[in-house]
>>> print(open('target_9.cif').read())   # mmCIF, C-alpha atoms
data_upload
loop_
_atom_site.label_atom_id
_atom_site.label_comp_id
_atom_site.auth_asym_id
_atom_site.auth_seq_id
_atom_site.Cartn_x
_atom_site.Cartn_y
_atom_site.Cartn_z
CA MET D 1490 -3.99 -19.83 -31.64
CA THR D 1491 -2.38 -21.93 -28.92
CA PRO D 1492 -4.44 -23.21 -25.90
CA SER D 1493 -2.52 -20.88 -23.59
CA ALA D 1494 -3.16 -17.88 -25.82
CA SER D 1495 -6.85 -18.79 -26.03
CA LEU D 1496 -7.09 -19.04 -22.26
CA LEU D 1497 -5.48 -15.64 -21.80
CA LEU D 1498 -7.74 -14.10 -24.42
CA LEU D 1499 -10.83 -15.40 -22.61
CA LEU D 1500 -9.63 -13.89 -19.37
CA LEU D 1501 -8.80 -10.50 -20.87
CA LEU D 1502 -12.09 -10.26 -22.73
CA GLY D 1503 -14.01 -11.07 -19.54
CA LEU D 1504 -16.10 -13.85 -21.07
CA SER D 1505 -18.46 -15.47 -18.62
CA GLN D 1506 -18.14 -19.12 -19.60
CA ALA D 1507 -15.94 -21.45 -17.57
CA LEU D 1508 -12.37 -21.65 -18.83
CA PRO D 1509 -11.06 -24.98 -20.18
CA LEU D 1510 -8.58 -26.96 -18.13
CA GLN D 1511 -4.94 -27.02 -19.20
CA GLU D 1512 -1.92 -28.88 -17.96
CA GLU D 1513 -0.86 -27.52 -14.56
CA ARG D 1514 2.76 -28.23 -15.24
CA ASP D 1515 2.85 -25.55 -17.94
CA THR D 1516 2.31 -22.67 -15.52
CA LYS D 1517 2.87 -23.97 -12.02
CA VAL D 1518 5.62 -22.05 -10.23
CA LYS D 1519 7.39 -24.31 -7.78
CA ASP D 1520 8.53 -23.01 -4.42
CA PRO D 1521 12.01 -23.94 -3.14
CA ASP D 1522 11.78 -26.94 -0.82
CA THR D 1523 13.41 -24.96 1.98
CA VAL D 1524 10.58 -22.42 2.16
CA ASP D 1525 7.10 -23.42 3.36
CA ILE D 1526 3.81 -21.75 2.55
CA THR D 1527 3.65 -20.01 5.92
CA THR D 1528 7.04 -18.36 5.55
CA ARG D 1529 6.14 -17.12 2.09
CA ILE D 1530 2.79 -15.69 3.19
CA LEU D 1531 3.93 -14.10 6.45
CA THR D 1532 7.05 -12.62 4.87
CA SER D 1533 4.97 -11.08 2.09
CA ASN D 1534 2.47 -9.69 4.60
CA LYS D 1535 5.00 -7.86 6.78
CA GLY D 1536 4.54 -4.68 4.77
CA SER D 1537 0.76 -4.83 4.66
CA ASN D 1538 -1.33 -2.08 6.23
CA GLU D 1539 -4.33 -4.40 6.48
CA ILE D 1540 -5.57 -5.80 9.79
CA LEU D 1541 -5.11 -9.54 9.30
CA LEU D 1542 -6.21 -12.47 11.43
CA GLU D 1543 -4.06 -15.62 11.52
CA GLY D 1544 -1.65 -13.95 9.15
CA ASP D 1545 -3.72 -13.73 5.97
CA LEU D 1546 -7.44 -13.31 6.74
CA LEU D 1547 -8.98 -9.88 6.32
CA VAL D 1548 -11.04 -8.75 9.31
CA PRO D 1549 -14.67 -9.23 8.21
CA ARG D 1550 -16.75 -6.13 7.66
CA THR D 1551 -20.17 -7.43 8.68
CA ARG D 1552 -19.90 -10.76 10.48
CA ASN D 1553 -17.96 -12.88 12.96
CA ALA D 1554 -14.42 -13.46 11.81
CA MET D 1555 -14.26 -17.20 12.16
CA MET D 1556 -17.80 -18.55 11.83
CA CYS D 1557 -20.41 -18.32 9.10
CA TYR D 1558 -23.94 -18.67 10.44
CA THR D 1559 -25.92 -18.34 7.21
CA GLN D 1560 -25.72 -19.68 3.68
CA ASN D 1561 -25.10 -16.11 2.54
CA CYS D 1562 -21.45 -16.65 3.46
CA PHE D 1563 -21.08 -19.25 0.72
CA TRP D 1564 -21.10 -18.94 -3.05
CA LYS D 1565 -24.36 -19.99 -4.70
CA LYS D 1566 -24.98 -23.17 -6.67
CA ASP D 1567 -26.79 -22.68 -9.96
CA SER D 1568 -29.41 -24.87 -11.64
CA SER D 1569 -26.73 -26.98 -13.30
CA GLY D 1570 -25.31 -27.98 -9.90
CA LEU D 1571 -22.16 -25.90 -10.30
CA VAL D 1572 -20.95 -23.30 -7.81
CA THR D 1573 -19.96 -20.36 -9.98
CA VAL D 1574 -17.48 -17.85 -8.53
CA PRO D 1575 -16.91 -14.78 -10.74
CA PHE D 1576 -13.50 -13.11 -10.57
CA THR D 1577 -11.45 -10.30 -12.03
CA VAL D 1578 -7.65 -10.00 -12.21
CA SER D 1579 -5.89 -6.65 -11.92
CA SER D 1580 -4.15 -5.26 -14.99
CA GLU D 1581 -1.04 -4.89 -12.83
CA PHE D 1582 -0.33 -8.58 -13.40
CA THR D 1583 1.56 -9.67 -16.51
CA SER D 1584 -0.01 -12.11 -18.94
CA SER D 1585 2.03 -15.01 -17.55
CA GLU D 1586 1.10 -14.08 -13.98
CA LYS D 1587 -2.58 -13.95 -14.94
CA GLN D 1588 -2.22 -17.36 -16.52
CA LEU D 1589 -0.70 -18.77 -13.34
CA ILE D 1590 -3.57 -17.36 -11.24
CA VAL D 1591 -6.19 -18.81 -13.58
CA ASN D 1592 -4.35 -22.13 -13.68
CA ALA D 1593 -4.39 -22.38 -9.87
CA MET D 1594 -8.11 -21.59 -9.84
CA GLN D 1595 -8.72 -24.27 -12.46
CA GLY D 1596 -7.11 -26.76 -10.10
CA PHE D 1597 -10.47 -26.72 -8.29
CA HIS D 1598 -12.45 -27.54 -11.44
CA SER D 1599 -11.57 -31.15 -12.13
CA GLN D 1600 -12.46 -32.56 -8.69
CA THR D 1601 -15.11 -30.21 -7.28
CA CYS D 1602 -18.28 -28.49 -8.52
CA VAL D 1603 -16.70 -25.04 -8.01
CA ARG D 1604 -16.08 -23.08 -11.20
CA PHE D 1605 -14.15 -19.79 -11.27
CA VAL D 1606 -15.28 -17.72 -14.25
CA PRO D 1607 -14.31 -14.24 -15.46
CA ARG D 1608 -16.81 -11.70 -14.16
CA LYS D 1609 -19.30 -10.30 -16.62
CA ASN D 1610 -21.67 -8.12 -14.58
CA GLU D 1611 -22.20 -10.08 -11.36
CA ASN D 1612 -22.51 -8.08 -8.14
CA ASP D 1613 -20.56 -10.54 -5.99
CA TYR D 1614 -17.09 -11.49 -7.17
CA ILE D 1615 -13.45 -11.98 -6.20
CA SER D 1616 -11.11 -9.17 -7.20
CA VAL D 1617 -7.54 -10.51 -7.45
CA GLU D 1618 -5.22 -7.60 -6.78
CA ASN D 1619 -1.52 -6.84 -6.34
CA LYS D 1620 -1.65 -5.44 -2.82
CA GLU D 1621 0.92 -5.63 -0.01
CA GLY D 1622 0.83 -9.32 0.84
CA CYS D 1623 -1.12 -12.54 0.39
CA PHE D 1624 -4.57 -12.42 2.01
CA SER D 1625 -8.27 -12.98 1.47
CA GLU D 1626 -11.72 -12.56 2.92
CA LEU D 1627 -13.27 -15.62 4.59
CA GLY D 1628 -16.11 -16.96 2.45
CA LYS D 1629 -18.36 -14.75 0.34
CA VAL D 1630 -18.87 -11.30 1.85
CA GLY D 1631 -20.80 -9.66 -0.97
CA GLY D 1632 -19.83 -7.13 -3.60
CA SER D 1633 -16.25 -6.91 -4.75
CA GLN D 1634 -14.00 -8.76 -2.29
CA VAL D 1635 -10.25 -8.46 -2.44
CA LEU D 1636 -7.94 -11.45 -2.75
CA SER D 1637 -4.41 -10.07 -2.64
CA LEU D 1638 -1.51 -11.81 -4.37
CA ASN D 1639 1.51 -9.55 -4.19
CA ARG D 1640 3.59 -10.00 -7.33
CA GLN D 1641 6.85 -10.18 -5.38
CA GLY D 1642 6.02 -13.01 -2.98
CA CYS D 1643 2.60 -14.62 -3.48
CA LEU D 1644 2.54 -15.93 -7.04
CA TYR D 1645 3.04 -19.60 -6.28
CA TYR D 1646 0.48 -22.26 -7.13
CA GLY D 1647 0.01 -23.45 -3.53
CA ILE D 1648 -0.27 -19.93 -2.09
CA ILE D 1649 -2.86 -18.97 -4.69
CA GLN D 1650 -4.93 -22.06 -3.88
CA HIS D 1651 -4.55 -21.38 -0.14
CA GLU D 1652 -5.99 -17.87 -0.47
CA VAL D 1653 -8.70 -18.96 -2.90
CA ASN D 1654 -9.77 -21.67 -0.46
CA HIS D 1655 -10.17 -18.97 2.21
CA ALA D 1656 -12.50 -17.17 -0.19
CA LEU D 1657 -14.56 -20.35 -0.46
CA GLY D 1658 -15.00 -20.32 3.33
CA PHE D 1659 -12.20 -22.47 4.71
CA GLN D 1660 -10.11 -21.57 7.73
CA HIS D 1661 -6.64 -22.69 8.76
CA GLU D 1662 -6.35 -26.32 9.77
CA GLN D 1663 -4.36 -25.64 12.96
CA THR D 1664 -7.16 -23.47 14.40
CA ARG D 1665 -9.93 -26.08 14.07
CA SER D 1666 -11.80 -26.97 17.22
CA ASP D 1667 -10.15 -30.37 17.83
CA ARG D 1668 -6.58 -29.39 16.96
CA ASP D 1669 -5.16 -30.07 20.46
CA LYS D 1670 -5.48 -33.80 19.79
CA TYR D 1671 -3.21 -33.52 16.78
CA VAL D 1672 -0.79 -30.63 17.29
CA LYS D 1673 0.90 -28.97 20.24
CA ILE D 1674 1.09 -25.19 20.19
CA ASN D 1675 4.40 -24.11 21.71
CA TRP D 1676 3.36 -20.83 23.26
CA GLU D 1677 6.83 -20.16 24.61
CA ASN D 1678 8.12 -19.83 21.04
CA ILE D 1679 5.41 -17.37 19.99
CA ASP D 1680 5.39 -13.61 20.44
CA PRO D 1681 2.63 -12.98 23.06
CA GLN D 1682 1.26 -10.22 20.85
CA MET D 1683 0.83 -12.77 18.04
CA ALA D 1684 -0.63 -15.55 20.22
CA TYR D 1685 -4.20 -14.71 19.19
CA ASN D 1686 -3.36 -16.17 15.77
CA PHE D 1687 -3.43 -19.61 17.37
CA ASN D 1688 -6.82 -19.35 19.06
CA LYS D 1689 -9.02 -22.36 18.43
CA GLU D 1690 -12.19 -21.60 16.52
CA ASN D 1691 -15.69 -23.06 16.59
CA THR D 1692 -15.24 -24.69 13.20
CA ASN D 1693 -17.45 -26.86 11.06
CA ASN D 1694 -15.14 -29.84 10.58
CA LEU D 1695 -17.55 -31.50 8.14
CA ASN D 1696 -17.04 -34.90 9.78
CA THR D 1697 -13.56 -35.12 8.30
CA PRO D 1698 -10.32 -35.99 10.12
CA TYR D 1699 -7.57 -33.56 11.00
CA ASP D 1700 -5.39 -33.18 7.92
CA TYR D 1701 -1.68 -32.52 8.32
CA THR D 1702 -1.40 -32.42 4.52
CA SER D 1703 -4.04 -29.71 4.01
CA ILE D 1704 -3.07 -26.70 1.90
CA MET D 1705 -4.64 -24.74 4.79
CA HIS D 1706 -2.19 -26.01 7.44
CA TYR D 1707 0.52 -23.60 8.51
CA GLY D 1708 4.11 -24.69 8.89
CA ARG D 1709 6.08 -25.50 12.02
CA THR D 1710 7.56 -22.07 12.63
CA ALA D 1711 4.55 -19.83 11.95
CA PHE D 1712 4.90 -16.66 14.07
CA SER D 1713 7.94 -18.13 15.85
CA ILE D 1714 10.15 -15.60 17.62
CA ASN D 1715 13.21 -17.85 17.89
CA GLY D 1716 13.12 -20.17 14.88
CA LYS D 1717 11.85 -23.05 16.97
CA ASP D 1718 8.58 -24.88 16.36
CA SER D 1719 5.42 -22.96 17.11
CA ILE D 1720 3.40 -25.99 15.96
CA THR D 1721 4.47 -29.58 16.66
CA PRO D 1722 2.45 -32.56 15.41
CA ILE D 1723 1.50 -35.16 18.04
CA PRO D 1724 2.05 -37.96 18.80
CA ASN D 1725 4.59 -38.13 15.94
CA PRO D 1726 6.56 -34.84 15.89
CA ASN D 1727 8.13 -35.77 12.54
CA VAL D 1728 4.91 -35.55 10.53
CA GLN D 1729 5.24 -33.03 7.72
CA ILE D 1730 2.99 -29.96 7.86
CA GLY D 1731 2.69 -26.80 5.79
CA GLN D 1732 2.81 -28.29 2.28
CA ARG D 1733 2.34 -25.85 -0.57
CA GLN D 1734 1.91 -28.00 -3.67
CA GLY D 1735 -1.88 -27.85 -3.92
CA LEU D 1736 -5.17 -29.08 -2.50
CA SER D 1737 -4.95 -32.30 -0.51
CA SER D 1738 -7.45 -35.12 -0.98
CA TRP D 1739 -9.24 -34.04 2.20
CA ASP D 1740 -9.30 -30.41 1.04
CA ILE D 1741 -11.15 -31.60 -2.05
CA ILE D 1742 -13.56 -33.76 -0.04
CA ARG D 1743 -14.34 -30.82 2.25
CA ILE D 1744 -15.09 -28.48 -0.63
CA ASN D 1745 -17.46 -31.06 -2.05
CA LYS D 1746 -19.12 -31.57 1.33
CA LEU D 1747 -19.49 -27.88 2.10
CA TYR D 1748 -20.97 -27.08 -1.30
CA GLY D 1749 -22.94 -30.29 -1.77
CA CYS D 1750 -21.09 -31.30 -4.90
#
>>> encode(input="target_9.cif", output="structure tokens")
Amino acid sequence: MTPSASLLLLLLLGLSQALPLQEERDTKVKDPDTVDITTRILTSNKGSNEILLEGDLLVPRTRNAMMCYTQNCFWKKDSSGLVTVPFTVSSEFTSSEKQLIVNAMQGFHSQTCVRFVPRKNENDYISVENKEGCFSELGKVGGSQVLSLNRQGCLYYGIIQHEVNHALGFQHEQTRSDRDKYVKINWENIDPQMAYNFNKENTNNLNTPYDYTSIMHYGRTAFSINGKDSITPIPNPNVQIGQRQGLSSWDIIRINKLYGC
């Protein structure tokens, strides 16, 4: 049996052990260079009936939307020092789509202590579903929590990692508390009814610098009403933002800091 077939079999059988790493290039779906992660996510979410904050965060059921005050909002570390996050994947996804989702999750394994494992009987787990759009809960909320990856617009490696990182507890980079030192929000280019998506939050920045390259940073034209920049980097307006290839080096450092890896 090939490594890919073995990986798929483990997922379908729901085995609880961590899945082995495989080459990302085998299953990574590349996004066209002309389309950034924000455009993909927001376009996919236009048909969603969910109430979403900042474009792709589900409104929390029991706690403040943008701040976690207790360790209950984070996934638990076990005695081996690993942070195990159980998950299920809807049967609506094809075998190749399931493999892509698992592959993106495994991108966290090699450089952090987080391990995504097929759910066996755990009470708290991520349920990856084919709903209308790309969105996630923020952190661990308890029970079965939905992480939506619509088959028509969300199945790209960077988008999957973006939503999974929300489920680990990470917010968007451009809403962090010190963002005004690093980006200018062009309110005149934003629909006033969508302006709340750019509110600064009382974030835990983990003593790390602002990261233009973060997988969590939205692109220049997020929620723009005229195609012009809604977000402009400062002092250098030419800095690239909104990359969708995968976790940045600072994304990885932050995961390790937050979870004490």
>>> resolve_selection(input="target_9.cif", expression="the PyMOL selection byres ((chain D and resi 1720) around 7)", output="CSV table (one decimal) with C-alpha atoms, in the frame of the given file")
chain,number,residue,atom,x,y,z
D,1672,VAL,CA,-0.8,-30.6,17.3
D,1673,LYS,CA,0.9,-29.0,20.2
D,1674,ILE,CA,1.1,-25.2,20.2
D,1675,ASN,CA,4.4,-24.1,21.7
D,1709,ARG,CA,6.1,-25.5,12.0
D,1710,THR,CA,7.6,-22.1,12.6
D,1718,ASP,CA,8.6,-24.9,16.4
D,1719,SER,CA,5.4,-23.0,17.1
D,1721,THR,CA,4.5,-29.6,16.7
D,1722,PRO,CA,2.4,-32.6,15.4
>>> resolve_selection(input="target_9.cif", expression="the PyMOL selection byres ((chain D and resi 1666-1669) around 12)", output="number ranges by chain")
D: 1555-1556, 1660-1665, 1670-1675, 1687-1701, 1706, 1720-1724
>>> atom_distance(input="target_9.cif", atom1="atom CA of Gln1732 of chain D", atom2="atom CA of Gln1650 of chain D")
11.7 Å
>>> closest_atom_pairs(input="target_9.cif", of="segment 1570-1589 of chain D", to="segment 1602-1616 of chain D", cutoff="7 Å", atoms="all atoms listed in the file", output="CSV")
residue,atom,partner,partner_atom,distance
D:Leu1571,CA,D:Cys1602,CA,5.0
D:Val1572,CA,D:Val1603,CA,4.6
D:Thr1573,CA,D:Arg1604,CA,4.9
D:Val1574,CA,D:Phe1605,CA,4.7
D:Pro1575,CA,D:Arg1608,CA,4.6
D:Phe1576,CA,D:Ile1615,CA,4.5
D:Thr1577,CA,D:Ser1616,CA,5.0
D:Val1578,CA,D:Ser1616,CA,6.1
>>> write_last_selection(input="target_9.cif", atoms="C-alpha atoms", output="PDB file, in the coordinates of the input")
ATOM      1  CA  LEU D1571     -22.160 -25.900 -10.300  1.00  0.00           C
ATOM      2  CA  VAL D1572     -20.950 -23.300  -7.810  1.00  0.00           C
ATOM      3  CA  THR D1573     -19.960 -20.360  -9.980  1.00  0.00           C
ATOM      4  CA  VAL D1574     -17.480 -17.850  -8.530  1.00  0.00           C
ATOM      5  CA  PRO D1575     -16.910 -14.780 -10.740  1.00  0.00           C
ATOM      6  CA  PHE D1576     -13.500 -13.110 -10.570  1.00  0.00           C
ATOM      7  CA  THR D1577     -11.450 -10.300 -12.030  1.00  0.00           C
ATOM      8  CA  VAL D1578      -7.650 -10.000 -12.210  1.00  0.00           C
TER       9      VAL D1578
END
>>> closest_residue(input="target_9.cif", among="D:Asp1740, D:Glu1586, D:Glu1581, D:Glu1626", to="Leu1644 of chain D", atoms="only C-alpha atoms")
D:Glu1586
>>> atom_distance(input="target_9.cif", atom1="atom CA of Gly1658 of chain D", atom2="atom CA of Leu1636 of chain D")
12.9 Å
>>> residues_near_point(input="target_9.cif", point="(3.9, -8.0, -3.3)", cutoff="6 Å", atoms="only C-alpha atoms", output="list of chain:residue names")
D:Glu1621, D:Gly1622, D:Asn1639, D:Arg1640, D:Gln1641, D:Gly1642
>>> atom_distance(input="target_9.cif", atom1="atom CA of Asn1727 of chain D", atom2="atom CA of Met1705 of chain D")
18.6 Å
>>> residues_around(input="target_9.cif", residues="Ile1679 of chain D", least_positions_apart="5", cutoff="8 Å", atoms="only C-alpha atoms", output="VMD selection string")
chain D and resid 1684 1712 to 1714 1719
>>> closest_residue(input="target_9.cif", among="D:Gly1735, D:Gly1570, D:Gly1631, D:Gly1708", to="Gln1595 of chain D", atoms="all atoms listed in the file")
D:Gly1735
>>> resolve_selection(input="target_9.cif", expression="the PyMOL selection byres ((chain D and resi 1651) around 12)", output="PyMOL selection string")
chain D and resi 1526-1527+1529-1530+1545-1546+1590+1593-1594+1596-1597+1623-1627+1636-1638+1643-1650+1652-1662+1703-1707+1731-1737+1740
>>> write_last_selection(input="target_9.cif", atoms="C-alpha atoms", output="PDB file, keeping the file's coordinate frame")
ATOM      1  CA  ILE D1526       3.810 -21.750   2.550  1.00  0.00           C
ATOM      2  CA  THR D1527       3.650 -20.010   5.920  1.00  0.00           C
ATOM      3  CA  ARG D1529       6.140 -17.120   2.090  1.00  0.00           C
ATOM      4  CA  ILE D1530       2.790 -15.690   3.190  1.00  0.00           C
ATOM      5  CA  ASP D1545      -3.720 -13.730   5.970  1.00  0.00           C
ATOM      6  CA  LEU D1546      -7.440 -13.310   6.740  1.00  0.00           C
ATOM      7  CA  ILE D1590      -3.570 -17.360 -11.240  1.00  0.00           C
ATOM      8  CA  ALA D1593      -4.390 -22.380  -9.870  1.00  0.00           C
ATOM      9  CA  MET D1594      -8.110 -21.590  -9.840  1.00  0.00           C
ATOM     10  CA  GLY D1596      -7.110 -26.760 -10.100  1.00  0.00           C
ATOM     11  CA  PHE D1597     -10.470 -26.720  -8.290  1.00  0.00           C
ATOM     12  CA  CYS D1623      -1.120 -12.540   0.390  1.00  0.00           C
ATOM     13  CA  PHE D1624      -4.570 -12.420   2.010  1.00  0.00           C
ATOM     14  CA  SER D1625      -8.270 -12.980   1.470  1.00  0.00           C
ATOM     15  CA  GLU D1626     -11.720 -12.560   2.920  1.00  0.00           C
ATOM     16  CA  LEU D1627     -13.270 -15.620   4.590  1.00  0.00           C
ATOM     17  CA  LEU D1636      -7.940 -11.450  -2.750  1.00  0.00           C
ATOM     18  CA  SER D1637      -4.410 -10.070  -2.640  1.00  0.00           C
ATOM     19  CA  LEU D1638      -1.510 -11.810  -4.370  1.00  0.00           C
ATOM     20  CA  CYS D1643       2.600 -14.620  -3.480  1.00  0.00           C
ATOM     21  CA  LEU D1644       2.540 -15.930  -7.040  1.00  0.00           C
ATOM     22  CA  TYR D1645       3.040 -19.600  -6.280  1.00  0.00           C
ATOM     23  CA  TYR D1646       0.480 -22.260  -7.130  1.00  0.00           C
ATOM     24  CA  GLY D1647       0.010 -23.450  -3.530  1.00  0.00           C
ATOM     25  CA  ILE D1648      -0.270 -19.930  -2.090  1.00  0.00           C
ATOM     26  CA  ILE D1649      -2.860 -18.970  -4.690  1.00  0.00           C
ATOM     27  CA  GLN D1650      -4.930 -22.060  -3.880  1.00  0.00           C
ATOM     28  CA  GLU D1652      -5.990 -17.870  -0.470  1.00  0.00           C
ATOM     29  CA  VAL D1653      -8.700 -18.960  -2.900  1.00  0.00           C
ATOM     30  CA  ASN D1654      -9.770 -21.670  -0.460  1.00  0.00           C
ATOM     31  CA  HIS D1655     -10.170 -18.970   2.210  1.00  0.00           C
ATOM     32  CA  ALA D1656     -12.500 -17.170  -0.190  1.00  0.00           C
ATOM     33  CA  LEU D1657     -14.560 -20.350  -0.460  1.00  0.00           C
ATOM     34  CA  GLY D1658     -15.000 -20.320   3.330  1.00  0.00           C
ATOM     35  CA  PHE D1659     -12.200 -22.470   4.710  1.00  0.00           C
ATOM     36  CA  GLN D1660     -10.110 -21.570   7.730  1.00  0.00           C
ATOM     37  CA  HIS D1661      -6.640 -22.690   8.760  1.00  0.00           C
ATOM     38  CA  GLU D1662      -6.350 -26.320   9.770  1.00  0.00           C
ATOM     39  CA  SER D1703      -4.040 -29.710   4.010  1.00  0.00           C
ATOM     40  CA  ILE D1704      -3.070 -26.700   1.900  1.00  0.00           C
ATOM     41  CA  MET D1705      -4.640 -24.740   4.790  1.00  0.00           C
ATOM     42  CA  HIS D1706      -2.190 -26.010   7.440  1.00  0.00           C
ATOM     43  CA  TYR D1707       0.520 -23.600   8.510  1.00  0.00           C
ATOM     44  CA  GLY D1731       2.690 -26.800   5.790  1.00  0.00           C
ATOM     45  CA  GLN D1732       2.810 -28.290   2.280  1.00  0.00           C
ATOM     46  CA  ARG D1733       2.340 -25.850  -0.570  1.00  0.00           C
ATOM     47  CA  GLN D1734       1.910 -28.000  -3.670  1.00  0.00           C
ATOM     48  CA  GLY D1735      -1.880 -27.850  -3.920  1.00  0.00           C
ATOM     49  CA  LEU D1736      -5.170 -29.080  -2.500  1.00  0.00           C
ATOM     50  CA  SER D1737      -4.950 -32.300  -0.510  1.00  0.00           C
ATOM     51  CA  ASP D1740      -9.300 -30.410   1.040  1.00  0.00           C
TER      52      ASP D1740
END
>>> axis_aligned_box(input="target_9.cif", around="segment 1621-1624 of chain D", padding_each_side="8 Å", output="lines of an AutoDock Vina configuration file")
center_x = -1.8
center_y = -9.1
center_z = 1.0
size_x = 21.5
size_y = 22.9
size_z = 18.0
>>> decode(input="target_9.cif", residues="segment 1652-1666 of chain D", atoms="N, CA and C atoms", output="JSON list (two decimals), in the first residue's frame")
[["chain", "number", "residue", "atom", "x", "y", "z"],
["D", 1652, "GLU", "N", -7.55, 28.86, 8.63],
["D", 1652, "GLU", "CA", -8.72, 28.53, 9.46],
["D", 1652, "GLU", "C", -8.33, 27.64, 10.64],
["D", 1653, "VAL", "N", -7.43, 26.70, 10.41],
["D", 1653, "VAL", "CA", -6.97, 25.85, 11.50],
["D", 1653, "VAL", "C", -6.27, 26.68, 12.58],
["D", 1654, "ASN", "N", -5.52, 27.69, 12.17],
["D", 1654, "ASN", "CA", -4.82, 28.52, 13.14],
["D", 1654, "ASN", "C", -5.81, 29.34, 13.97],
["D", 1655, "HIS", "N", -6.94, 29.72, 13.37],
["D", 1655, "HIS", "CA", -8.01, 30.34, 14.17],
["D", 1655, "HIS", "C", -8.46, 29.37, 15.26],
["D", 1656, "ALA", "N", -8.63, 28.10, 14.90],
["D", 1656, "ALA", "CA", -9.11, 27.11, 15.85],
["D", 1656, "ALA", "C", -8.11, 26.88, 16.98],
["D", 1657, "LEU", "N", -6.84, 27.20, 16.73],
["D", 1657, "LEU", "CA", -5.84, 27.10, 17.78],
["D", 1657, "LEU", "C", -5.86, 28.32, 18.70],
["D", 1658, "GLY", "N", -6.55, 29.39, 18.28],
["D", 1658, "GLY", "CA", -6.69, 30.56, 19.13],
["D", 1658, "GLY", "C", -6.10, 31.84, 18.57],
["D", 1659, "PHE", "N", -5.70, 31.85, 17.31],
["D", 1659, "PHE", "CA", -5.05, 33.02, 16.74],
["D", 1659, "PHE", "C", -6.00, 33.88, 15.91],
["D", 1660, "GLN", "N", -5.87, 35.19, 16.12],
["D", 1660, "GLN", "CA", -6.72, 36.16, 15.44],
["D", 1660, "GLN", "C", -6.01, 36.69, 14.19],
["D", 1661, "HIS", "N", -6.65, 37.61, 13.50],
["D", 1661, "HIS", "CA", -6.04, 38.20, 12.32],
["D", 1661, "HIS", "C", -4.96, 39.20, 12.73],
["D", 1662, "GLU", "N", -3.89, 39.20, 11.96],
["D", 1662, "GLU", "CA", -2.75, 40.06, 12.29],
["D", 1662, "GLU", "C", -3.12, 41.53, 12.26],
["D", 1663, "GLN", "N", -3.94, 41.95, 11.30],
["D", 1663, "GLN", "CA", -4.22, 43.38, 11.13],
["D", 1663, "GLN", "C", -5.17, 43.93, 12.19],
["D", 1664, "THR", "N", -5.67, 43.08, 13.10],
["D", 1664, "THR", "CA", -6.51, 43.58, 14.19],
["D", 1664, "THR", "C", -5.76, 43.59, 15.52],
["D", 1665, "ARG", "N", -4.47, 43.25, 15.53],
["D", 1665, "ARG", "CA", -3.74, 43.22, 16.80],
["D", 1665, "ARG", "C", -3.60, 44.63, 17.36],
["D", 1666, "SER", "N", -3.35, 44.70, 18.63],
["D", 1666, "SER", "CA", -3.47, 45.96, 19.37],
["D", 1666, "SER", "C", -2.52, 47.06, 18.90]]
